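S.K.: Compact mmCIF, C-alpha atoms and all ligand atoms, file final-v1.txt:
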```txt
# COMPACT_ATOMS: atom_id res chain seq x y z
CA MET A 1 40.91 55.20 -34.12
CA ALA A 2 43.41 57.93 -34.88
CA ASP A 3 41.34 60.90 -35.97
CA THR A 4 42.43 61.87 -39.43
CA VAL A 5 44.57 64.92 -39.63
CA SER A 6 43.98 67.21 -42.51
CA ASP A 7 45.78 70.19 -43.91
CA HIS A 8 42.48 71.75 -44.97
CA THR A 9 41.28 74.61 -42.90
CA ASN A 10 37.58 74.88 -42.47
CA SER A 11 36.68 77.93 -44.53
CA THR A 12 34.10 78.90 -47.09
CA VAL A 13 36.53 78.53 -49.97
CA LEU A 14 37.39 75.08 -51.14
CA ASP A 15 40.93 74.51 -52.39
CA VAL A 16 40.06 72.06 -55.12
CA ASP A 17 43.68 71.27 -55.99
CA ALA A 18 44.35 70.30 -52.38
CA VAL A 19 41.18 68.20 -52.30
CA ARG A 20 42.15 66.44 -55.52
CA ARG A 21 45.56 65.54 -54.12
CA ASP A 22 43.78 63.64 -51.34
CA PHE A 23 42.10 61.31 -53.85
CA PRO A 24 44.80 59.09 -55.40
CA ILE A 25 42.53 57.71 -58.12
CA LEU A 26 41.93 61.14 -59.63
CA SER A 27 45.42 61.17 -61.12
CA GLU A 28 44.75 57.99 -63.10
CA THR A 29 44.50 58.07 -66.87
CA VAL A 30 42.04 56.04 -68.95
CA TYR A 31 42.61 55.35 -72.66
CA GLY A 32 45.66 57.58 -72.28
CA LYS A 33 43.50 60.54 -71.18
CA PRO A 34 43.22 62.13 -67.74
CA LEU A 35 40.32 60.63 -65.86
CA VAL A 36 37.34 62.98 -65.55
CA PHE A 37 35.24 61.29 -62.92
CA LEU A 38 31.64 62.49 -63.03
CA ASP A 39 29.98 59.40 -61.58
CA SER A 40 30.15 60.15 -57.86
CA GLY A 41 26.35 59.96 -57.65
CA ALA A 42 26.70 56.21 -58.19
CA SER A 43 29.68 55.90 -55.85
CA ALA A 44 32.22 58.50 -54.80
CA GLN A 45 36.00 58.08 -54.81
CA LYS A 46 37.91 57.70 -51.55
CA PRO A 47 40.43 60.14 -50.04
CA ARG A 48 43.66 58.70 -48.65
CA GLN A 49 42.43 59.62 -45.15
CA VAL A 50 39.74 56.94 -45.53
CA ILE A 51 42.09 54.45 -47.16
CA ASP A 52 44.70 55.03 -44.44
CA ALA A 53 42.22 54.67 -41.58
CA MET A 54 40.99 51.35 -42.95
CA ARG A 55 44.50 50.09 -43.57
CA HIS A 56 45.57 51.23 -40.10
CA CYS A 57 42.74 49.23 -38.57
CA MET A 58 43.62 46.06 -40.46
CA GLU A 59 47.35 46.39 -39.78
CA HIS A 60 47.22 47.33 -36.12
CA GLN A 61 43.86 46.99 -34.53
CA TYR A 62 41.64 44.45 -36.18
CA SER A 63 39.48 41.94 -34.34
CA ASN A 64 35.78 41.16 -34.03
CA VAL A 65 33.70 43.59 -31.97
CA HIS A 66 31.55 43.20 -28.83
CA ARG A 67 32.80 39.67 -28.09
CA GLY A 68 36.40 39.00 -27.27
CA ALA A 69 37.85 39.45 -23.80
CA HIS A 70 41.15 40.60 -25.21
CA TYR A 71 42.99 43.78 -25.99
CA LEU A 72 42.37 43.95 -29.73
CA SER A 73 38.69 43.18 -29.47
CA ALA A 74 38.25 45.96 -26.93
CA ALA A 75 40.20 48.39 -29.11
CA THR A 76 38.20 47.50 -32.22
CA THR A 77 34.92 47.72 -30.30
CA ASP A 78 35.94 51.17 -29.12
CA ALA A 79 36.77 52.31 -32.64
CA PHE A 80 33.53 50.84 -33.99
CA GLU A 81 31.43 52.58 -31.34
CA GLN A 82 33.33 55.83 -31.89
CA ALA A 83 32.27 55.60 -35.53
CA ARG A 84 28.66 55.29 -34.41
CA ASP A 85 29.17 58.32 -32.21
CA ARG A 86 30.62 60.28 -35.10
CA VAL A 87 27.65 59.41 -37.33
CA ALA A 88 25.29 60.52 -34.56
CA ARG A 89 27.03 63.90 -34.40
CA PHE A 90 27.09 64.14 -38.20
CA LEU A 91 23.29 63.80 -38.33
CA ASN A 92 22.77 65.58 -34.99
CA ALA A 93 20.98 62.56 -33.58
CA ALA A 94 20.02 62.84 -29.92
CA SER A 95 21.94 59.65 -29.07
CA PRO A 96 24.35 57.21 -30.75
CA ASP A 97 21.81 54.50 -29.86
CA GLU A 98 19.69 55.93 -32.67
CA ILE A 99 22.33 54.97 -35.25
CA ILE A 100 22.05 51.50 -36.76
CA PHE A 101 24.73 50.22 -39.09
CA THR A 102 23.32 48.36 -42.08
CA SER A 103 24.93 47.23 -45.31
CA ASN A 104 23.71 50.20 -47.40
CA VAL A 105 20.74 52.55 -47.59
CA THR A 106 18.79 49.89 -49.46
CA ALA A 107 19.10 47.65 -46.39
CA ALA A 108 18.17 50.60 -44.14
CA ILE A 109 14.89 51.15 -46.00
CA ASN A 110 14.15 47.42 -46.10
CA LEU A 111 14.76 47.28 -42.35
CA VAL A 112 12.05 49.90 -41.80
CA ALA A 113 9.69 48.20 -44.26
CA HIS A 114 10.07 44.90 -42.41
CA ALA A 115 10.51 45.81 -38.78
CA TYR A 116 8.24 48.86 -38.71
CA GLY A 117 6.00 48.16 -41.70
CA ARG A 118 5.02 44.61 -40.89
CA ALA A 119 4.52 45.34 -37.20
CA PHE A 120 2.57 48.59 -37.41
CA LEU A 121 0.96 48.91 -40.86
CA LYS A 122 -2.11 47.00 -41.99
CA ALA A 123 -4.29 46.58 -45.06
CA GLY A 124 -5.64 49.91 -46.28
CA ASP A 125 -2.96 51.99 -44.54
CA GLU A 126 -1.15 54.27 -46.96
CA VAL A 127 2.54 54.81 -47.61
CA ILE A 128 3.53 57.84 -49.70
CA VAL A 129 6.62 57.90 -51.90
CA SER A 130 7.37 60.25 -54.81
CA GLU A 131 7.77 59.88 -58.54
CA MET A 132 11.49 60.48 -58.28
CA GLU A 133 12.40 57.66 -55.91
CA HIS A 134 15.30 55.32 -56.40
CA HIS A 135 14.12 51.71 -56.73
CA ALA A 136 15.50 51.19 -53.19
CA ASN A 137 12.63 53.35 -51.93
CA ILE A 138 9.95 51.80 -54.11
CA VAL A 139 10.39 48.04 -54.18
CA PRO A 140 10.51 47.47 -50.37
CA TRP A 141 7.11 49.20 -50.13
CA GLN A 142 5.71 47.17 -53.01
CA LEU A 143 6.83 43.99 -51.23
CA LEU A 144 5.20 45.29 -48.05
CA ALA A 145 2.03 46.10 -49.99
CA GLU A 146 1.88 42.57 -51.37
CA ALA A 147 2.40 41.06 -47.94
CA THR A 148 0.03 43.28 -45.94
CA GLY A 149 -2.36 45.11 -48.26
CA VAL A 150 -0.78 48.48 -47.52
CA VAL A 151 -1.51 50.95 -50.33
CA LEU A 152 1.29 52.87 -52.06
CA ARG A 153 0.58 56.48 -53.09
CA VAL A 154 2.90 58.53 -55.26
CA ALA A 155 3.61 62.26 -54.90
CA PRO A 156 4.16 63.94 -58.28
CA VAL A 157 7.14 65.87 -59.56
CA GLU A 158 6.81 68.73 -62.04
CA ASP A 159 8.11 68.61 -65.62
CA ASP A 160 11.20 70.62 -64.62
CA GLY A 161 11.90 68.20 -61.78
CA SER A 162 10.70 70.40 -58.97
CA PHE A 163 8.75 69.09 -56.03
CA ARG A 164 5.66 71.06 -55.02
CA ILE A 165 4.81 70.68 -51.37
CA GLU A 166 1.14 71.53 -51.92
CA ARG A 167 0.73 68.65 -54.39
CA PHE A 168 2.35 66.33 -51.86
CA ALA A 169 0.04 67.65 -49.13
CA GLU A 170 -3.02 66.69 -51.22
CA LEU A 171 -2.15 63.01 -50.77
CA LEU A 172 -2.13 63.11 -46.98
CA ASN A 173 -5.20 61.80 -45.17
CA ASP A 174 -6.10 59.86 -42.06
CA ARG A 175 -5.01 56.58 -43.69
CA THR A 176 -1.48 57.89 -44.29
CA ARG A 177 0.83 56.05 -41.90
CA LEU A 178 4.23 56.58 -43.43
CA VAL A 179 5.89 58.99 -45.85
CA SER A 180 9.08 57.58 -47.34
CA ILE A 181 10.71 60.04 -49.65
CA THR A 182 14.06 60.97 -51.09
CA HIS A 183 15.74 64.00 -49.53
CA CYS A 184 17.51 64.66 -52.85
CA SER A 185 16.85 63.02 -56.22
CA ASN A 186 19.75 61.02 -57.64
CA VAL A 187 18.56 61.80 -61.18
CA LEU A 188 17.29 65.38 -61.03
CA GLY A 189 19.23 66.82 -58.10
CA THR A 190 15.92 68.12 -56.73
CA ASN A 191 16.02 68.82 -53.00
CA VAL A 192 12.88 68.00 -51.06
CA PRO A 193 11.90 70.45 -48.25
CA ALA A 194 12.34 67.82 -45.56
CA LYS A 195 11.25 69.82 -42.53
CA GLU A 196 8.00 70.82 -44.21
CA VAL A 197 7.34 67.29 -45.42
CA ALA A 198 7.91 65.98 -41.90
CA ARG A 199 5.63 68.60 -40.35
CA LEU A 200 2.79 67.85 -42.77
CA ALA A 201 3.27 64.08 -42.36
CA HIS A 202 3.22 64.41 -38.57
CA ASP A 203 0.11 66.60 -38.69
CA ALA A 204 -1.58 63.77 -40.59
CA GLY A 205 -0.43 61.29 -37.92
CA ALA A 206 2.19 59.62 -40.15
CA LYS A 207 5.84 58.81 -39.61
CA VAL A 208 8.45 59.97 -42.08
CA LEU A 209 11.55 58.34 -43.54
CA PHE A 210 14.05 60.17 -45.73
CA ASP A 211 16.34 58.49 -48.21
CA GLY A 212 19.40 60.66 -47.70
CA ALA A 213 21.79 58.80 -50.02
CA GLN A 214 22.44 61.94 -52.06
CA ALA A 215 21.48 64.65 -49.58
CA VAL A 216 24.16 63.89 -46.97
CA VAL A 217 26.87 64.37 -49.58
CA HIS A 218 25.88 67.87 -50.63
CA GLY A 219 24.83 69.61 -47.42
CA PRO A 220 24.45 69.33 -43.66
CA VAL A 221 21.57 67.22 -42.32
CA ASP A 222 20.10 67.71 -38.87
CA VAL A 223 17.58 64.96 -38.14
CA GLN A 224 16.28 66.73 -35.02
CA TYR A 225 15.74 70.00 -36.86
CA ILE A 226 13.97 68.19 -39.69
CA ASP A 227 12.15 66.04 -37.14
CA ALA A 228 12.72 62.89 -39.19
CA ASP A 229 11.52 59.64 -37.68
CA PHE A 230 13.91 57.66 -39.85
CA TYR A 231 16.80 58.76 -42.04
CA GLY A 232 19.03 56.54 -44.18
CA PHE A 233 22.25 56.99 -46.10
CA THR A 234 25.01 54.93 -47.61
CA ALA A 235 28.73 55.34 -46.82
CA HIS A 236 30.14 54.80 -50.30
CA LYS A 237 28.53 57.95 -51.73
CA LEU A 238 29.94 60.00 -48.86
CA TYR A 239 33.55 59.26 -49.85
CA GLY A 240 33.53 56.24 -47.56
CA PRO A 241 33.67 52.49 -48.24
CA SER A 242 31.00 50.32 -49.81
CA GLY A 243 29.26 47.65 -47.75
CA LEU A 244 28.03 50.04 -45.06
CA GLY A 245 24.88 52.06 -44.61
CA VAL A 246 23.21 53.93 -41.78
CA LEU A 247 19.68 53.99 -40.49
CA TYR A 248 18.83 56.72 -38.02
CA GLY A 249 15.61 56.22 -36.09
CA LYS A 250 14.07 57.97 -33.09
CA LEU A 251 14.92 55.82 -30.10
CA ASP A 252 11.39 55.20 -28.83
CA ILE A 253 10.28 54.12 -32.30
CA LEU A 254 13.28 51.82 -32.75
CA ASN A 255 12.72 50.20 -29.37
CA SER A 256 9.06 49.62 -30.21
CA MET A 257 10.02 47.68 -33.34
CA PRO A 258 10.58 43.92 -33.43
CA PRO A 259 13.91 42.69 -34.81
CA PHE A 260 14.28 42.16 -38.54
CA LEU A 261 17.30 39.83 -38.80
CA GLY A 262 17.93 37.41 -35.94
CA GLY A 263 21.28 36.03 -34.85
CA GLY A 264 24.34 36.82 -32.82
CA ASP A 265 24.92 40.17 -31.11
CA MET A 266 21.28 41.26 -31.20
CA ILE A 267 20.00 39.03 -28.42
CA ASP A 268 19.72 39.46 -24.72
CA LYS A 269 19.14 35.78 -23.87
CA VAL A 270 18.58 32.75 -26.08
CA SER A 271 17.04 29.42 -25.15
CA PHE A 272 14.94 26.93 -27.05
CA LYS A 273 11.95 28.24 -25.14
CA GLY A 274 12.49 31.61 -26.81
CA SER A 275 14.83 34.56 -27.00
CA THR A 276 14.85 38.14 -25.80
CA PHE A 277 16.49 41.00 -27.61
CA LYS A 278 18.76 43.91 -26.93
CA GLU A 279 17.59 47.47 -27.30
CA ALA A 280 18.49 49.60 -30.30
CA PRO A 281 20.86 49.85 -32.01
CA HIS A 282 22.18 46.32 -31.33
CA ARG A 283 18.75 44.75 -31.74
CA PHE A 284 19.04 45.55 -35.45
CA GLU A 285 22.66 44.55 -35.94
CA ALA A 286 22.61 40.77 -36.10
CA GLY A 287 25.91 39.15 -36.97
CA THR A 288 29.37 40.60 -37.44
CA PRO A 289 29.04 44.16 -38.75
CA ALA A 290 31.13 45.98 -41.35
CA ILE A 291 33.87 46.83 -38.84
CA VAL A 292 36.62 48.24 -41.02
CA GLU A 293 34.04 50.05 -43.11
CA ALA A 294 32.59 51.81 -40.07
CA ILE A 295 36.08 53.05 -39.25
CA GLY A 296 36.39 54.19 -42.87
CA LEU A 297 33.10 56.06 -42.63
CA HIS A 298 34.32 57.80 -39.48
CA ALA A 299 37.34 59.03 -41.42
CA ALA A 300 35.15 60.07 -44.37
CA ILE A 301 32.88 62.14 -42.14
CA ASN A 302 35.90 63.77 -40.50
CA TYR A 303 37.24 64.53 -43.96
CA VAL A 304 34.02 66.17 -45.13
CA ALA A 305 33.72 68.06 -41.84
CA ASP A 306 37.27 69.35 -42.13
CA ILE A 307 36.48 70.84 -45.50
CA GLY A 308 33.09 71.97 -44.31
CA PHE A 309 29.71 72.04 -46.00
CA ASP A 310 29.83 75.81 -46.50
CA ALA A 311 32.83 75.36 -48.76
CA ILE A 312 31.47 72.20 -50.41
CA ARG A 313 28.10 73.78 -51.15
CA ALA A 314 29.60 76.95 -52.58
CA HIS A 315 32.00 74.95 -54.76
CA GLU A 316 29.33 72.57 -56.02
CA ALA A 317 26.84 75.37 -56.69
CA GLY A 318 29.49 77.09 -58.81
CA LEU A 319 30.06 73.88 -60.75
CA ARG A 320 26.33 73.29 -61.20
CA ASP A 321 25.73 76.76 -62.60
CA TYR A 322 28.77 76.55 -64.83
CA ALA A 323 27.70 73.12 -66.13
CA HIS A 324 24.16 74.33 -66.88
CA GLU A 325 25.57 77.31 -68.75
CA ARG A 326 28.26 75.36 -70.62
CA LEU A 327 25.98 72.47 -71.61
CA SER A 328 23.03 74.72 -72.53
CA ALA A 329 25.26 76.33 -75.14
CA ILE A 330 25.35 73.00 -77.01
CA ASP A 331 22.77 72.80 -79.77
CA GLY A 332 20.15 70.12 -79.08
CA MET A 333 21.02 69.88 -75.39
CA ARG A 334 18.15 68.98 -73.11
CA LEU A 335 18.79 69.29 -69.38
CA ILE A 336 16.58 66.97 -67.33
CA GLY A 337 15.90 68.50 -63.92
CA THR A 338 16.27 72.24 -63.48
CA ALA A 339 14.57 72.80 -60.14
CA PRO A 340 15.78 75.87 -58.25
CA ASP A 341 18.65 75.22 -55.80
CA LYS A 342 19.10 71.67 -57.03
CA ALA A 343 22.16 69.63 -56.11
CA ALA A 344 25.00 69.40 -58.64
CA ILE A 345 23.58 66.36 -60.40
CA ILE A 346 23.24 67.06 -64.12
CA SER A 347 21.09 64.71 -66.19
CA PHE A 348 20.83 65.39 -69.89
CA LEU A 349 19.91 64.14 -73.34
CA VAL A 350 21.12 65.31 -76.72
CA ASP A 351 18.46 65.54 -79.45
CA GLY A 352 18.59 62.65 -81.86
CA LEU A 353 21.30 60.75 -79.98
CA HIS A 354 20.88 57.66 -77.85
CA PRO A 355 22.20 58.30 -74.34
CA TYR A 356 24.22 55.05 -74.39
CA ASP A 357 25.99 56.13 -77.57
CA VAL A 358 26.80 59.51 -76.04
CA ALA A 359 28.16 57.90 -72.88
CA ALA A 360 30.33 55.54 -74.93
CA VAL A 361 31.96 58.48 -76.74
CA LEU A 362 32.43 60.32 -73.44
CA ASP A 363 34.09 57.25 -71.97
CA ARG A 364 36.66 57.19 -74.77
CA GLN A 365 37.51 60.79 -73.90
CA GLY A 366 38.20 59.74 -70.31
CA VAL A 367 34.88 61.12 -69.04
CA ALA A 368 33.07 58.74 -66.68
CA CYS A 369 29.33 59.44 -66.61
CA ARG A 370 26.38 57.31 -65.63
CA VAL A 371 23.85 56.38 -68.28
CA GLY A 372 20.45 54.68 -68.15
CA HIS A 373 17.48 54.91 -65.83
CA HIS A 374 19.63 55.39 -62.69
CA CYS A 375 17.48 52.91 -60.72
CA ALA A 376 14.51 55.24 -61.22
CA GLU A 377 12.47 53.65 -64.00
CA PRO A 378 9.15 55.11 -62.84
CA LEU A 379 10.69 58.59 -63.09
CA MET A 380 11.82 57.87 -66.66
CA ASP A 381 8.25 56.79 -67.49
CA ARG A 382 6.91 59.94 -65.88
CA LEU A 383 9.24 62.11 -67.97
CA GLY A 384 8.60 60.05 -71.11
CA ILE A 385 12.28 59.26 -71.71
CA ILE A 386 14.28 56.03 -71.85
CA GLY A 387 17.08 57.29 -69.67
CA THR A 388 19.62 60.06 -69.36
CA VAL A 389 23.34 60.63 -69.27
CA ARG A 390 24.19 61.83 -65.77
CA ALA A 391 27.17 63.86 -64.66
CA THR A 392 27.49 64.24 -60.89
CA LEU A 393 29.69 67.11 -59.77
CA ALA A 394 31.42 66.39 -56.49
CA MET A 395 33.72 68.42 -54.27
CA TYR A 396 36.77 67.27 -56.25
CA ASN A 397 35.47 68.24 -59.69
CA THR A 398 36.54 71.36 -61.56
CA LYS A 399 35.26 73.77 -64.21
CA ALA A 400 38.03 72.52 -66.49
CA GLU A 401 36.49 69.05 -66.25
CA ILE A 402 33.12 70.48 -67.25
CA ASP A 403 34.82 71.95 -70.31
CA VAL A 404 36.19 68.50 -71.14
CA LEU A 405 32.66 67.12 -70.76
CA GLY A 406 31.28 69.83 -73.04
CA GLU A 407 33.90 69.18 -75.71
CA ALA A 408 33.32 65.43 -75.48
CA ILE A 409 29.58 65.95 -76.00
CA GLU A 410 30.32 68.12 -79.04
CA LYS A 411 32.56 65.37 -80.35
CA ALA A 412 29.80 62.80 -79.80
CA LYS A 413 27.42 64.98 -81.80
CA LYS A 414 29.84 65.08 -84.74
CA MET A 415 30.64 61.37 -84.58
CA LEU A 416 27.07 60.17 -84.15
CA ALA A 417 25.35 62.64 -86.48
C1 LIG A 501 22.46 55.28 -54.56
C2 LIG A 501 21.11 55.53 -54.01
C3 LIG A 501 20.41 54.53 -53.32
C4 LIG A 501 20.96 53.14 -53.14
O1 LIG A 501 22.19 53.12 -52.47
P1 LIG A 501 22.82 51.70 -52.07
O2 LIG A 501 24.15 52.04 -51.50
O3 LIG A 501 22.93 50.94 -53.37
O4 LIG A 501 21.90 51.06 -51.13
C5 LIG A 501 19.18 54.84 -52.83
N1 LIG A 501 18.65 56.06 -52.96
C6 LIG A 501 19.28 57.04 -53.61
C7 LIG A 501 18.65 58.39 -53.72
C8 LIG A 501 20.53 56.82 -54.16
O5 LIG A 501 21.17 57.79 -54.80
```
Would you give me this structure, written as C-alpha cells?

M.R.:
Amino acid sequence: MADTVSDHTNSTVLDVDAVRRDFPILSETVYGKPLVFLDSGASAQKPRQVIDAMRHCMEHQYSNVHRGAHYLSAATTDAFEQARDRVARFLNAASPDEIIFTSNVTAAINLVAHAYGRAFLKAGDEVIVSEMEHHANIVPWQLLAEATGVVLRVAPVEDDGSFRIERFAELLNDRTRLVSITHCSNVLGTNVPAKEVARLAHDAGAKVLFDGAQAVVHGPVDVQYIDADFYGFTAHKLYGPSGLGVLYGKLDILNSMPPFLGGGDMIDKVSFKGSTFKEAPHRFEAGTPAIVEAIGLHAAINYVADIGFDAIRAHEAGLRDYAHERLSAIDGMRLIGTAPDKAAIISFLVDGLHPYDVAAVLDRQGVACRVGHHCAEPLMDRLGIIGTVRATLAMYNTKAEIDVLGEAIEKAKKMLA
C-alpha cells in the first residue's frame, strides 16, 4: 500500500482548518445549513486519505489474500499484512501475530467470551465489568454466564461519572478470573486508569480485557505499558471504515485458546478424521477478511499519527472545556459525566425537555448529535435517567460549532417550552 502522504506536520498544535479540508463530508449542508457533525462517538467521518487508499486498492491491487499464486493476490496479502503490522505498532504490541482482525469491537469481545471464556472459565468464576459498559461488553458475558454459570460482577461509577479504583478493587477476590472493562466511556467520557486496573486484576490472578472503542481515538494506547491481556477497538470510530475491528491478545494466551469460528484460512490441515489449526492470528480469522477495510484502517492510523496525539489531545481538551463552559451557561442544563480529565464526549439533558425533542430541534439546525441510551441502558438506570443527548467532539470540530450547538439548544428551549 502507498503510505498516505500528508501535509500536516506532527506538532502540538492542530490546524483544524487543514484537518477539516481532509474530510470531504464536513463541507456538506443539511436542511440548507452547514453540517455540524457531533456524532463521531457513534462513527467518525473519513478523511480522503482513507477513501483514497481504499479506492486505490480496489482500482489497482484487489484480490483475495493468503490464497492465490498470482501477482495481485501476493500484493494484496502484503498490503493486508502491512496493515496488521501498522496496528501492532499503533498499540505497541510485541508482535503483529498478536493482532486479530475481526468485524468490529463487538466481535472482538465475543471472540474472547467464546474462545477464552468457554475454554477457561467455569461455574462460580467471576467476570468483572463496570456500570458504564457499552452493551457490547455486557451481553457477551451474560451469554457466557448462562452457558457456563460464570458470575458477572459490576464495578460502580460515581454520580459525576468518575471511576474510583478503590471501589473496583473491593470486587476482586480469588474467584475473579477476568476483568472486562471500558478504557473510556462512550457516554460519560470517563477514562479508566487501565494500568492500575490491570495491575490489580493480575494481582488477583485474573486476566484483563479493555474495550478501547473510544480510548484509541482520543489518546495513545500502549498495550505493553498497560499490561493488557486483551484489547479491542473498532476501525470506524478511528476515522477508518466500518466492518473491521481489532482484537489484541498476548500471544501465549491467544495460542492457548481454541478457535471460535471454523472455516477457511484458519486451519493447518483438514480431514474428516479431524482438523488442526494455525497459530494466532490466523487461527481466529476464518474466512475472507475485510481486506479493503484493513487497508483503510492502515491509512486512518497513518493519518492520526501524522497529526499526532499531542495535538489531538490538546485540541480536544480545549473543545471539551469550552463546551462545558458554553453549555453550563444555559439555564436548566445538566451535564452528565464530569469526571476529571474526561474525553471530549459531552452528554447532557435540559430540564423539562425530552432528549429526543431536543435532538430533533438540533437536527433541523444542522447539528448531528446522538440521543438515547447510547447502548448503555444499565448506566442510564444507574443514573436514573432515560437517556441523554450526546455531542462528541472530534479532532475536526471547532469552538464555532460548539457555539452553533449552544444556540440550537437555546432555540430548542424556546420552541419546546
Ligand atoms: C461503539 C462502541 C462499541 C461498539 O462498537 P462496534 O463497532 O459497534 O462493535 C463498544 N464499546 C464502546 C465503548 C463503544 O463506544

S.K.: May I have a table of the residues of chain A lying at most 6 Å from ligand LIG 501 (chain A), giving each one's closest pair of atoms and their distance in Å to one decimal, counting all atoms listed in the file, ordered by chain and ascending residue number, as a Markdown table?

M.R.:
```
| residue | atom | partner | partner_atom | distance |
| --- | --- | --- | --- | --- |
| A:Ala42 | CA | A:LIG501 | C1 | 5.7 |
| A:Asn104 | CA | A:LIG501 | O4 | 4.2 |
| A:Val105 | CA | A:LIG501 | O4 | 4.0 |
| A:Thr106 | CA | A:LIG501 | O4 | 3.7 |
| A:His134 | CA | A:LIG501 | N1 | 4.9 |
| A:Ala136 | CA | A:LIG501 | C5 | 5.2 |
| A:Thr182 | CA | A:LIG501 | C7 | 5.9 |
| A:Ser185 | CA | A:LIG501 | C7 | 5.6 |
| A:Asn186 | CA | A:LIG501 | O5 | 4.5 |
| A:Asp211 | CA | A:LIG501 | N1 | 5.8 |
| A:Ala213 | CA | A:LIG501 | C6 | 4.7 |
| A:Gln214 | CA | A:LIG501 | O5 | 5.1 |
| A:Thr234 | CA | A:LIG501 | O2 | 4.9 |
```

S.K.: Give me, as a PyMOL selection string, all polymer residues having an atom no more than 12 Å from A:Gly308, counting all atoms listed in the file and skipping those fewer than 4 positions away in the same chain.

M.R.: chain A and resi 8-15+19+90+217-220+301-304+312-315+395

S.K.: So, counting all atoms listed in the file, which residue among A:Pro378, A:Pro193, A:Pro241, A:Gly41 is closest to A:Arg390?

M.R.: A:Gly41

S.K.: Atom CA of A:Gly366 and atom CA of A:Thr29, how far apart in Å?

M.R.: 7.4 Å

S.K.: Return the single residue from A:Val404, A:Ile409, A:His183, A:Lys414 that is closest to A:Lys33, with distances computed using all atoms listed in the file.

M.R.: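 Distance minimum relative to A:Lys33 lands on A:Val404.
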
S.K.: Considering only C-alpha atoms, state which residue in the set A:Ile402, A:His202, A:Ala194, A:Asp331 is at the smallest distance from A:Asp174.

M.R.: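 Selected residue with least distance to A:Asp174: A:His202.
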
S.K.: Find the spatial neighbours of A:Leu38, counting all atoms listed in the file, within a cut-off of 8 Å - ignore same-chain residues fewer than 4 positions away - and output them as a PyMOL selection string.

M.R.: chain A and resi 367-370+390-394+397

S.K.: Return the single residue from A:Val246, A:Ile226, A:Ile346, A:Val36 that is closest to A:Arg334, with distances computed using all atoms listed in the file.

M.R.: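 Among the listed residues, the smallest separation from A:Arg334 belongs to A:Ile346.
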
S.K.: Between A:Ala75, A:Ala412, A:Leu188, A:Ile330, which residue has the minimum interatomic distance to A:Gly387, considering all atoms listed in the file?

M.R.: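 Closest to A:Gly387 of all the choices is A:Leu188.
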
S.K.: Quick one: residues within 7 Å of A:Asp268, only C-alpha atoms, excluding same-chain residues fewer than 2 positions away - as a PyMOL selection string?

M.R.: chain A and resi 266+270+276-278

S.K.: Counting only C-alpha atoms, find the residues whose atoms lie at most 8 Å from (29.2, 55.4, -37.6) (file coordinates) and write them out as a PyMOL selection string.

M.R.: chain A and resi 80-88+99+101+246+294-295+297-298

S.K.: Between atom CA of A:Tyr31 and atom CA of A:Ala360, measure the distance and give it in Å to one decimal.

M.R.: 12.5 Å
